[in-house]
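Novice: Below is the structure I would like to discuss, written out as structure tokens.
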Amino acid sequence: MKKLLTLGIALLMILSSVSALAEFTPVPVGEVGTGTREYVEPPEGDWDTPYTEIVNIRTVKGQGADVVFEAGEDQSNNEWTRGWYNDLGIEVSYDWIDEGNTQYTQKLNMTIATGDLPDVFRCNYIQFRQLMKAGLIQDLTEVYNKYTSDRIRGYEETDPDTIKLTTIDGKIYGIPIYYYGIIDNPRYMWVRKDWYEEEGSPELKTVEDFENLAKTMIEKHCSYAVAVDNTLDYLFMTGPMFDVYLGQPSQGSYFWYKDDDGRIKAGIAHEEFKTALEYWAKWYQEGILSPDFMNYDYNGMNEEVVTGRAAFHPFYQWEGWLNNPNLVAAQQNENAYLIPLQFPTIDGSQVLGQVGFPNADVIVVSNTCKNPAAVMKLLSYTDKIMFDPTTVLTEEQFKGFTDGQREHLPGAFEILDPQADMIQFEHVLYAIESGDTSELFTSGMKKKYGDSISWIENKEPGGLGAFCQQGFEGCSYDLAKYLIDNDYLKRTDMWGPSPEAFDDTVNTMDIISIGVSEIIMGIRPVSDYDDILADWYANGGQIMEDAVNAEYGD
């Protein structure tokens with residue numbers, strides 16, 4: 001039966017991958033060296049005790065093309081591969097590398113279909129389910145508990161739920177790559193700093209406060225107030241203003257959380273969504289939204305910000321990298337950039353930061369790998385180099401591991417500290433305010449500090465991203481930290497991947513996007529939304545809601 005399952009899944013993967021892989025050319029890598037692929041007894045002692053006999057571990061990797069190497073180095077010969085070999089006695093070899101990082105999923109599907117799996121690789125949750133059904137990956141519980149560092153196993157204290165998604169009957173079959181932190185999750189209403197300060201930097205507690213300021217800025221400065229695009233992604237970001245929490249229409253994704261009766265529903269099915277629709281339609285009629293917003297794609301939306309046609313932009317915490325350098329250059333004004341504000345609410349109550357499920361991939365080990373303990377050692381090594389504050393590196397080593405995006409070279413061995421960006425922010429802001437840089441111990445900290453200082457002291461536009469993210473009180477990370485410290489958060493109740501039943505639905509978001517657009521533009525009344533939602537339920541929404549409650553409900 002297991003062979004039949006494996007064959008069936010393999011055939012499905014091949015059929016779904018052939019078209020996408022027509023133009024794929026894997027990056028050739030160096031020849032395998034002298035490491036053995038036979039079982040070697042792991043050495044006694046801590047995880048960083050090296051093997052006495054060199055062990056070979058095969059992997060694959062999706063790697064961005066922007067990695068910069070030192071002269072004579074490449075994917076299979078760099079600071080990381082040498083560190084693994086010299087410090088742990090582990091030789092890492094690559095079957096293939098997708099340098100563009102655009103077809104990794106399809107290439108991995110094809111590799112799974114062949115049955116010739118590498119020892120270790122990263123996969124998404126759909127692939128994890130397929131691998132589990134086919135019995136192609138191994139139980140990691142014992143080696144995880146024995147050969148990973150205390151730091152990695154400690155990540156379960158920060159996020160105790162994510163590893164449960166790949167723990168079956170008490171056995172661990174996949175290790176989350178984790179993420180940089182929920183500090184990255186909340187969104188903000190970004191506003192033109194120079195225009196905002198001209199009005200006295202008023203506190204925007206209520207939606208009415210926001211609307212009044214928006215109208216003032218339209219009168220004095222801009223064509224309309226809020227820049228959004230035709231996907232509705234960025235308009236949906238304003239949902240917390242109306243106590244509704246929404247997904248990303250362009251990705252067909254929903255944000256799922258309980259209603260007053262305890263049933264998990266998509267944000268678009270909560271009663272508060274109608275309130276958001278009423279306000280959005282009002283904004284459209286009053287010119288707060290552009291009459292042409294349905295003609296703006298992502299680039300067009302950003303152009304509206306840079307040219308000064310809009311004063312506000314709902315966006316992620318990294319807006320400073322997106323538009324600010326171009327905005328300062330276009331306006332020839334060093335104060336003409338966007339700064340973040342918390343979203344106001346209808347009644348002036350505390351807004352909640354929206355936190356979705358943050359983990360993307362899991363690390364799995366194939367059944368054919370004879371040295372899974374070596375994989376655990378590699379994960380621990382990467383974490384120690386990148387995030388452990390006790391790690392001491394020379395400047396040459398530090399640059400070797402991290403310069404030119406090389407911090408991402410570990411691929412399947414890259415595991416993230418889910419508190420990394422919170423810790424980074426605290427250290428960077430302290431260094432900026434105090435001038436003491438001695439506690440900047442990661443590449444991210446040093447980079448963000450240096451960029452922020454380049455803006456503070458020299459007004460280098462390239463430094464605005466880091467500065468607006470973590471360089472002053474009121475920056476986006478500062479606003480997020482306030483929400484996190486006070487637990488002003490709305491977390492998704494679907495803490496994990498979409499249920500398999502979602503595969504039985506098609507284009508459900510189109511029903512919502514078309515109907516919502518028509519309501520905003522006045523083509524249909526808000527009262528029609530009940531019919532739109534009923535259509536959504538009838539054409540797949542009910543399947544999804546039932547599946548979410550079955551898998552993630554109490």
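Chain labels follow the order of the structure tokens: the first chain is A, the next B, and so on; residue numbering restarts at 1 in every chain, and ligands are counted from 1 in their shown order.
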With DSSP run on the backbone, what are the alpha helix (DSSP H) residues within range 431-495 of chain A? I'd like them as a PyMOL selection string.
Specialist: chain A and resi 431-434+443-458+464-470+476-485
Novice: Go ahead and save the residues from that selection, with N, CA and C atoms, as a tab-separated table (two decimals), in the first residue's frame.
Specialist:
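New file out18.tsv:
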```tsv
chain	number	residue	atom	x	y	z
A	431	ALA	N	21.64	51.48	20.80
A	431	ALA	CA	22.92	51.95	20.25
A	431	ALA	C	22.76	53.35	19.64
A	432	ILE	N	21.65	53.59	18.96
A	432	ILE	CA	21.43	54.91	18.36
A	432	ILE	C	21.29	55.98	19.44
A	433	GLU	N	20.56	55.67	20.49
A	433	GLU	CA	20.30	56.66	21.54
A	433	GLU	C	21.50	56.88	22.45
A	434	SER	N	22.29	55.81	22.66
A	434	SER	CA	23.40	55.91	23.61
A	434	SER	C	24.76	56.11	22.96
A	443	SER	N	24.63	40.35	12.31
A	443	SER	CA	24.80	41.13	11.09
A	443	SER	C	23.63	42.08	10.89
A	444	GLY	N	22.42	41.62	11.23
A	444	GLY	CA	21.25	42.48	11.08
A	444	GLY	C	21.33	43.72	11.94
A	445	MET	N	21.77	43.54	13.18
A	445	MET	CA	21.90	44.69	14.08
A	445	MET	C	22.89	45.71	13.53
A	446	LYS	N	24.03	45.22	13.10
A	446	LYS	CA	25.06	46.13	12.60
A	446	LYS	C	24.61	46.83	11.33
A	447	LYS	N	23.93	46.11	10.46
A	447	LYS	CA	23.45	46.70	9.21
A	447	LYS	C	22.39	47.76	9.48
A	448	LYS	N	21.40	47.45	10.32
A	448	LYS	CA	20.33	48.39	10.59
A	448	LYS	C	20.84	49.62	11.34
A	449	TYR	N	21.77	49.41	12.24
A	449	TYR	CA	22.36	50.56	12.94
A	449	TYR	C	23.12	51.46	11.97
A	450	GLY	N	23.97	50.84	11.14
A	450	GLY	CA	24.75	51.64	10.19
A	450	GLY	C	23.88	52.40	9.22
A	451	ASP	N	22.82	51.76	8.71
A	451	ASP	CA	21.92	52.45	7.79
A	451	ASP	C	21.19	53.59	8.48
A	452	SER	N	20.74	53.36	9.70
A	452	SER	CA	20.04	54.41	10.43
A	452	SER	C	20.94	55.62	10.66
A	453	ILE	N	22.17	55.36	11.05
A	453	ILE	CA	23.11	56.46	11.28
A	453	ILE	C	23.40	57.21	9.99
A	454	SER	N	23.44	56.49	8.88
A	454	SER	CA	23.70	57.16	7.60
A	454	SER	C	22.60	58.16	7.26
A	455	TRP	N	21.38	57.87	7.69
A	455	TRP	CA	20.30	58.84	7.49
A	455	TRP	C	20.36	59.96	8.53
A	456	ILE	N	20.55	59.59	9.79
A	456	ILE	CA	20.56	60.59	10.87
A	456	ILE	C	21.66	61.62	10.65
A	457	GLU	N	22.84	61.16	10.30
A	457	GLU	CA	23.99	62.07	10.22
A	457	GLU	C	24.21	62.65	8.82
A	458	ASN	N	23.92	61.88	7.79
A	458	ASN	CA	24.27	62.32	6.43
A	458	ASN	C	23.07	62.44	5.49
A	464	LEU	N	16.81	55.27	5.08
A	464	LEU	CA	15.47	55.52	5.60
A	464	LEU	C	14.72	54.25	5.96
A	465	GLY	N	14.99	53.16	5.26
A	465	GLY	CA	14.29	51.92	5.58
A	465	GLY	C	14.54	51.48	7.00
A	466	ALA	N	15.81	51.38	7.37
A	466	ALA	CA	16.16	50.96	8.72
A	466	ALA	C	15.73	52.00	9.75
A	467	PHE	N	15.91	53.27	9.42
A	467	PHE	CA	15.57	54.33	10.35
A	467	PHE	C	14.08	54.33	10.68
A	468	CYS	N	13.24	54.19	9.68
A	468	CYS	CA	11.79	54.21	9.91
A	468	CYS	C	11.30	52.92	10.56
A	469	GLN	N	12.05	51.86	10.41
A	469	GLN	CA	11.68	50.60	11.03
A	469	GLN	C	12.08	50.55	12.49
A	470	GLN	N	13.28	51.05	12.82
A	470	GLN	CA	13.75	50.88	14.19
A	470	GLN	C	14.70	51.95	14.71
A	476	SER	N	8.21	51.99	13.27
A	476	SER	CA	7.24	50.91	13.14
A	476	SER	C	7.48	49.79	14.16
A	477	TYR	N	8.73	49.44	14.43
A	477	TYR	CA	8.98	48.40	15.43
A	477	TYR	C	8.63	48.88	16.83
A	478	ASP	N	8.78	50.16	17.09
A	478	ASP	CA	8.41	50.71	18.39
A	478	ASP	C	6.90	50.60	18.58
A	479	LEU	N	6.13	50.91	17.53
A	479	LEU	CA	4.69	50.78	17.62
A	479	LEU	C	4.28	49.32	17.81
A	480	ALA	N	4.96	48.43	17.11
A	480	ALA	CA	4.64	47.00	17.24
A	480	ALA	C	4.99	46.49	18.63
A	481	LYS	N	6.11	46.93	19.18
A	481	LYS	CA	6.52	46.49	20.51
A	481	LYS	C	5.48	46.89	21.55
A	482	TYR	N	4.93	48.09	21.39
A	482	TYR	CA	3.88	48.53	22.31
A	482	TYR	C	2.68	47.59	22.26
A	483	LEU	N	2.28	47.21	21.07
A	483	LEU	CA	1.15	46.30	20.93
A	483	LEU	C	1.47	44.93	21.54
A	484	ILE	N	2.67	44.44	21.28
A	484	ILE	CA	3.07	43.12	21.78
A	484	ILE	C	3.20	43.12	23.29
A	485	ASP	N	3.88	44.14	23.84
A	485	ASP	CA	4.09	44.20	25.29
A	485	ASP	C	2.79	44.26	26.07
```
Novice: Go through range 107-249 of chain A and collect every residue that DSSP, computed from the backbone, puts in strand (DSSP E or B); the answer should be as a list of chain:residue names.
Specialist: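 Listing strand (DSSP E or B) positions across range 107-249 of chain A yields A:Val120, A:Phe121, A:Arg122, A:Cys123, A:Ile137, A:Thr167, A:Ile168, A:Lys171, A:Ile172, A:Ile175, A:Pro176, A:Tyr188, A:Met189, A:Trp190, A:Val191, A:Arg192, A:Thr206, A:Val226.
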Novice: Which of these residues is nearest to Ile54 in chain A, using only C-alpha atoms: A:Gln331, A:Ala374, A:Tyr196, A:Met237?
Specialist: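 That would be A:Ala374, the residue with the smallest distance to Ile54 in chain A.
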Novice: Which is closest to Asp546 in chain A among A:Asp150, A:Glu500, A:Asp194, A:Asp98, if we use only C-alpha atoms?
Specialist: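 With only C-alpha atoms as the atom set, the closest residue is A:Glu500.
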Novice: Could you check the closest approach to Gln138 in chain A for each of A:Ser223, A:Thr368, A:Thr391, A:Ser250 and tell me which residue wins, using only C-alpha atoms?
Specialist: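 Checking each of A:Ser223, A:Thr368, A:Thr391, A:Ser250 against Gln138 in chain A, counting only C-alpha atoms, the winner is A:Thr368.
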Novice: Take CA of Leu131 in chain A and CA of Arg37 in chain A and report the distance between them in Å, one decimal.
Specialist: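 Atom-to-atom, CA of Leu131 in chain A and CA of Arg37 in chain A are spaced 22.2 Å apart.
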Novice: For range 342-355 of chain A, find every residue with an atom within 9 Å (counting only C-alpha atoms), except residues of its own chain fewer than 3 positions away, and show them as an mmCIF file with N, CA and C atoms, in the first residue's frame.
Specialist:
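The file below, result-v1.cif, is the result:
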```
data_model
loop_
_atom_site.group_PDB
_atom_site.id
_atom_site.type_symbol
_atom_site.label_atom_id
_atom_site.label_comp_id
_atom_site.auth_asym_id
_atom_site.auth_seq_id
_atom_site.Cartn_x
_atom_site.Cartn_y
_atom_site.Cartn_z
ATOM 1 N N ILE A 182 6.924 38.083 15.545
ATOM 2 C CA ILE A 182 5.619 38.664 15.253
ATOM 3 C C ILE A 182 5.677 40.189 15.269
ATOM 4 N N ILE A 183 6.817 40.753 15.663
ATOM 5 C CA ILE A 183 6.987 42.199 15.576
ATOM 6 C C ILE A 183 6.858 42.671 14.129
ATOM 7 N N ASP A 184 7.048 41.763 13.183
ATOM 8 C CA ASP A 184 6.940 42.112 11.764
ATOM 9 C C ASP A 184 5.493 42.143 11.270
ATOM 10 N N ASN A 185 4.548 41.644 12.055
ATOM 11 C CA ASN A 185 3.196 41.421 11.557
ATOM 12 C C ASN A 185 2.280 42.637 11.466
ATOM 13 N N PRO A 186 2.167 43.468 12.502
ATOM 14 C CA PRO A 186 1.193 44.563 12.434
ATOM 15 C C PRO A 186 1.456 45.504 11.261
ATOM 16 N N ARG A 187 0.362 46.083 10.751
ATOM 17 C CA ARG A 187 0.448 47.073 9.681
ATOM 18 C C ARG A 187 0.127 48.450 10.254
ATOM 19 N N TYR A 188 0.392 49.487 9.461
ATOM 20 C CA TYR A 188 0.247 50.859 9.954
ATOM 21 C C TYR A 188 -0.325 51.763 8.881
ATOM 22 N N MET A 189 -0.799 52.930 9.324
ATOM 23 C CA MET A 189 -1.176 53.985 8.405
ATOM 24 C C MET A 189 0.010 54.944 8.318
ATOM 25 N N TRP A 190 0.742 54.867 7.224
ATOM 26 C CA TRP A 190 1.910 55.720 7.018
ATOM 27 C C TRP A 190 1.450 57.070 6.462
ATOM 28 N N LEU A 204 -4.226 60.860 16.161
ATOM 29 C CA LEU A 204 -5.378 60.320 15.455
ATOM 30 C C LEU A 204 -5.936 59.157 16.267
ATOM 31 N N LYS A 205 -6.901 59.450 17.114
ATOM 32 C CA LYS A 205 -7.496 58.410 17.947
ATOM 33 C C LYS A 205 -8.700 57.768 17.275
ATOM 34 N N THR A 206 -9.510 58.593 16.601
ATOM 35 C CA THR A 206 -10.737 58.078 16.007
ATOM 36 C C THR A 206 -10.669 58.133 14.484
ATOM 37 N N VAL A 207 -11.546 57.391 13.848
ATOM 38 C CA VAL A 207 -11.641 57.436 12.394
ATOM 39 C C VAL A 207 -12.024 58.842 11.946
ATOM 40 N N GLU A 208 -12.844 59.512 12.732
ATOM 41 C CA GLU A 208 -13.221 60.888 12.401
ATOM 42 C C GLU A 208 -11.999 61.807 12.422
ATOM 43 N N ASP A 209 -11.108 61.613 13.398
ATOM 44 C CA ASP A 209 -9.858 62.390 13.425
ATOM 45 C C ASP A 209 -9.088 62.196 12.117
ATOM 46 N N PHE A 210 -8.981 60.947 11.708
ATOM 47 C CA PHE A 210 -8.269 60.632 10.471
ATOM 48 C C PHE A 210 -8.935 61.303 9.271
ATOM 49 N N THR A 238 -6.644 48.271 6.350
ATOM 50 C CA THR A 238 -7.259 49.229 7.275
ATOM 51 C C THR A 238 -8.369 48.584 8.091
ATOM 52 N N PRO A 240 -8.499 46.810 10.815
ATOM 53 C CA PRO A 240 -8.492 47.006 12.268
ATOM 54 C C PRO A 240 -9.109 48.334 12.724
ATOM 55 N N MET A 241 -9.201 49.322 11.836
ATOM 56 C CA MET A 241 -9.867 50.576 12.186
ATOM 57 C C MET A 241 -11.335 50.326 12.523
ATOM 58 N N PHE A 242 -11.890 49.244 11.972
ATOM 59 C CA PHE A 242 -13.314 48.945 12.131
ATOM 60 C C PHE A 242 -13.530 47.641 12.877
ATOM 61 N N ASP A 243 -12.460 47.180 13.561
ATOM 62 C CA ASP A 243 -12.495 45.952 14.350
ATOM 63 C C ASP A 243 -12.808 44.731 13.491
ATOM 64 N N TYR A 245 -10.608 41.975 10.726
ATOM 65 C CA TYR A 245 -9.242 41.577 10.400
ATOM 66 C C TYR A 245 -9.300 40.691 9.156
ATOM 67 N N LEU A 246 -8.565 41.110 8.149
ATOM 68 C CA LEU A 246 -8.770 40.586 6.807
ATOM 69 C C LEU A 246 -7.493 40.013 6.209
ATOM 70 N N PRO A 314 -1.553 52.773 3.766
ATOM 71 C CA PRO A 314 -1.559 51.624 4.670
ATOM 72 C C PRO A 314 -0.568 50.586 4.159
ATOM 73 N N PRO A 358 2.924 32.762 10.999
ATOM 74 C CA PRO A 358 4.136 33.269 10.355
ATOM 75 C C PRO A 358 5.072 32.236 9.757
ATOM 76 N N SER A 476 8.213 51.993 13.272
ATOM 77 C CA SER A 476 7.240 50.905 13.143
ATOM 78 C C SER A 476 7.477 49.790 14.158
ATOM 79 N N LEU A 479 6.133 50.909 17.534
ATOM 80 C CA LEU A 479 4.689 50.783 17.621
ATOM 81 C C LEU A 479 4.276 49.322 17.805
ATOM 82 N N ALA A 480 4.959 48.429 17.107
ATOM 83 C CA ALA A 480 4.644 46.998 17.239
ATOM 84 C C ALA A 480 4.987 46.488 18.633
ATOM 85 N N LEU A 483 2.275 47.215 21.066
ATOM 86 C CA LEU A 483 1.153 46.299 20.928
ATOM 87 C C LEU A 483 1.467 44.933 21.544
ATOM 88 N N ILE A 484 2.674 44.435 21.284
ATOM 89 C CA ILE A 484 3.065 43.119 21.781
ATOM 90 C C ILE A 484 3.199 43.121 23.294
ATOM 91 N N ASP A 487 -0.125 43.061 24.820
ATOM 92 C CA ASP A 487 -1.001 42.029 24.273
ATOM 93 C C ASP A 487 -2.211 42.628 23.565
ATOM 94 N N TYR A 488 -1.980 43.734 22.890
ATOM 95 C CA TYR A 488 -3.019 44.321 22.036
ATOM 96 C C TYR A 488 -2.909 43.680 20.650
ATOM 97 N N LEU A 489 -3.259 42.413 20.578
ATOM 98 C CA LEU A 489 -3.057 41.648 19.361
ATOM 99 C C LEU A 489 -4.308 40.861 18.999
ATOM 100 N N LYS A 490 -4.529 40.697 17.732
ATOM 101 C CA LYS A 490 -5.551 39.788 17.218
ATOM 102 C C LYS A 490 -4.818 38.701 16.431
ATOM 103 N N ARG A 491 -4.716 37.530 17.054
ATOM 104 C CA ARG A 491 -4.013 36.412 16.429
ATOM 105 C C ARG A 491 -5.018 35.543 15.657
ATOM 106 N N THR A 492 -4.564 35.051 14.537
ATOM 107 C CA THR A 492 -5.424 34.146 13.787
ATOM 108 C C THR A 492 -5.712 32.894 14.605
#
```
Novice: Would you mind listing what lies within 8 Å of range 300-305 of chain A as a PyMOL selection string, with only C-alpha atoms counted and same-chain residues fewer than 5 positions away left out?
Specialist: chain A and resi 227-229+293+310-313+323+327
Novice: Taking 3 positions as the minimum chain separation for residues in the same chain, which residues sit within 8 Å of range 252-267 of chain A when counting only C-alpha atoms? Answer as a list of chain:residue names.
Specialist: A:Val244, A:Tyr245, A:Leu246, A:Gly247, A:Gln248, A:Pro249, A:His270, A:Phe273, A:Gly356, A:Arg491, A:Thr492, A:Asp493, A:Met494, A:Asn507, A:Thr508, A:Met509, A:Glu545, A:Val548, A:Asn549, A:Gly553
Novice: Find, counting only C-alpha atoms, the residue in A:Ile57, A:Ile172, A:Leu341, A:Ile532 that gets nearest to Ile90 in chain A.
Specialist: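 Using only C-alpha atoms, Ile90 in chain A sits closest to A:Ile57.
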Novice: Considering only C-alpha atoms, return as a ChimeraX atom specification whatever protein or nucleic-acid residues lie within 10 Å of Thr216 in chain A, sequence-local ones (same chain, fewer than 6 positions apart) excluded.
Specialist: /A:195,199,210,222,225
Novice: I need the chosen residues saved as a compact mmCIF listing (two decimals), in the first residue's frame, with N, CA and C atoms.
Specialist:
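Final file, part.txt:
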```
# COMPACT_ATOMS: atom_id res chain seq x y z
N TRP A 195 3.89 67.07 5.86
CA TRP A 195 2.51 67.56 5.90
C TRP A 195 1.87 67.32 7.26
N GLU A 199 0.54 70.26 10.29
CA GLU A 199 -0.75 70.34 10.97
C GLU A 199 -0.63 70.13 12.47
N PHE A 210 -8.98 60.95 11.71
CA PHE A 210 -8.27 60.63 10.47
C PHE A 210 -8.94 61.30 9.27
N CYS A 222 -2.57 67.42 -1.61
CA CYS A 222 -2.60 66.24 -2.47
C CYS A 222 -3.93 66.10 -3.21
N ALA A 225 -6.39 61.26 -0.44
CA ALA A 225 -5.64 61.00 0.80
C ALA A 225 -4.91 59.66 0.83
```
Novice: Neighbours of Pro291 in chain A within 9 Å (only C-alpha atoms; same-chain residues fewer than 5 positions away dropped), as a PyMOL selection string?
Specialist: chain A and resi 224+284-285+521
Novice: Which value, in Å to one decimal, gives the distance between CA of Leu136 in chain A and CA of Ser76 in chain A?
Specialist: 26.3 Å
Novice: If I take CA of Phe236 in chain A and CA of Val506 in chain A, how far is one from the other in Å, to one decimal?
Specialist: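 If I compute the distance from CA of Phe236 in chain A to CA of Val506 in chain A, I get 20.9 Å.
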Novice: Check the smallest atom-to-atom distance from each of A:Met110, A:Met294, A:Ile512, A:Val328 to Asn230 in chain A using only C-alpha atoms, then report the winner.
Specialist: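 Among the listed residues, A:Met294 lies closest to Asn230 in chain A.
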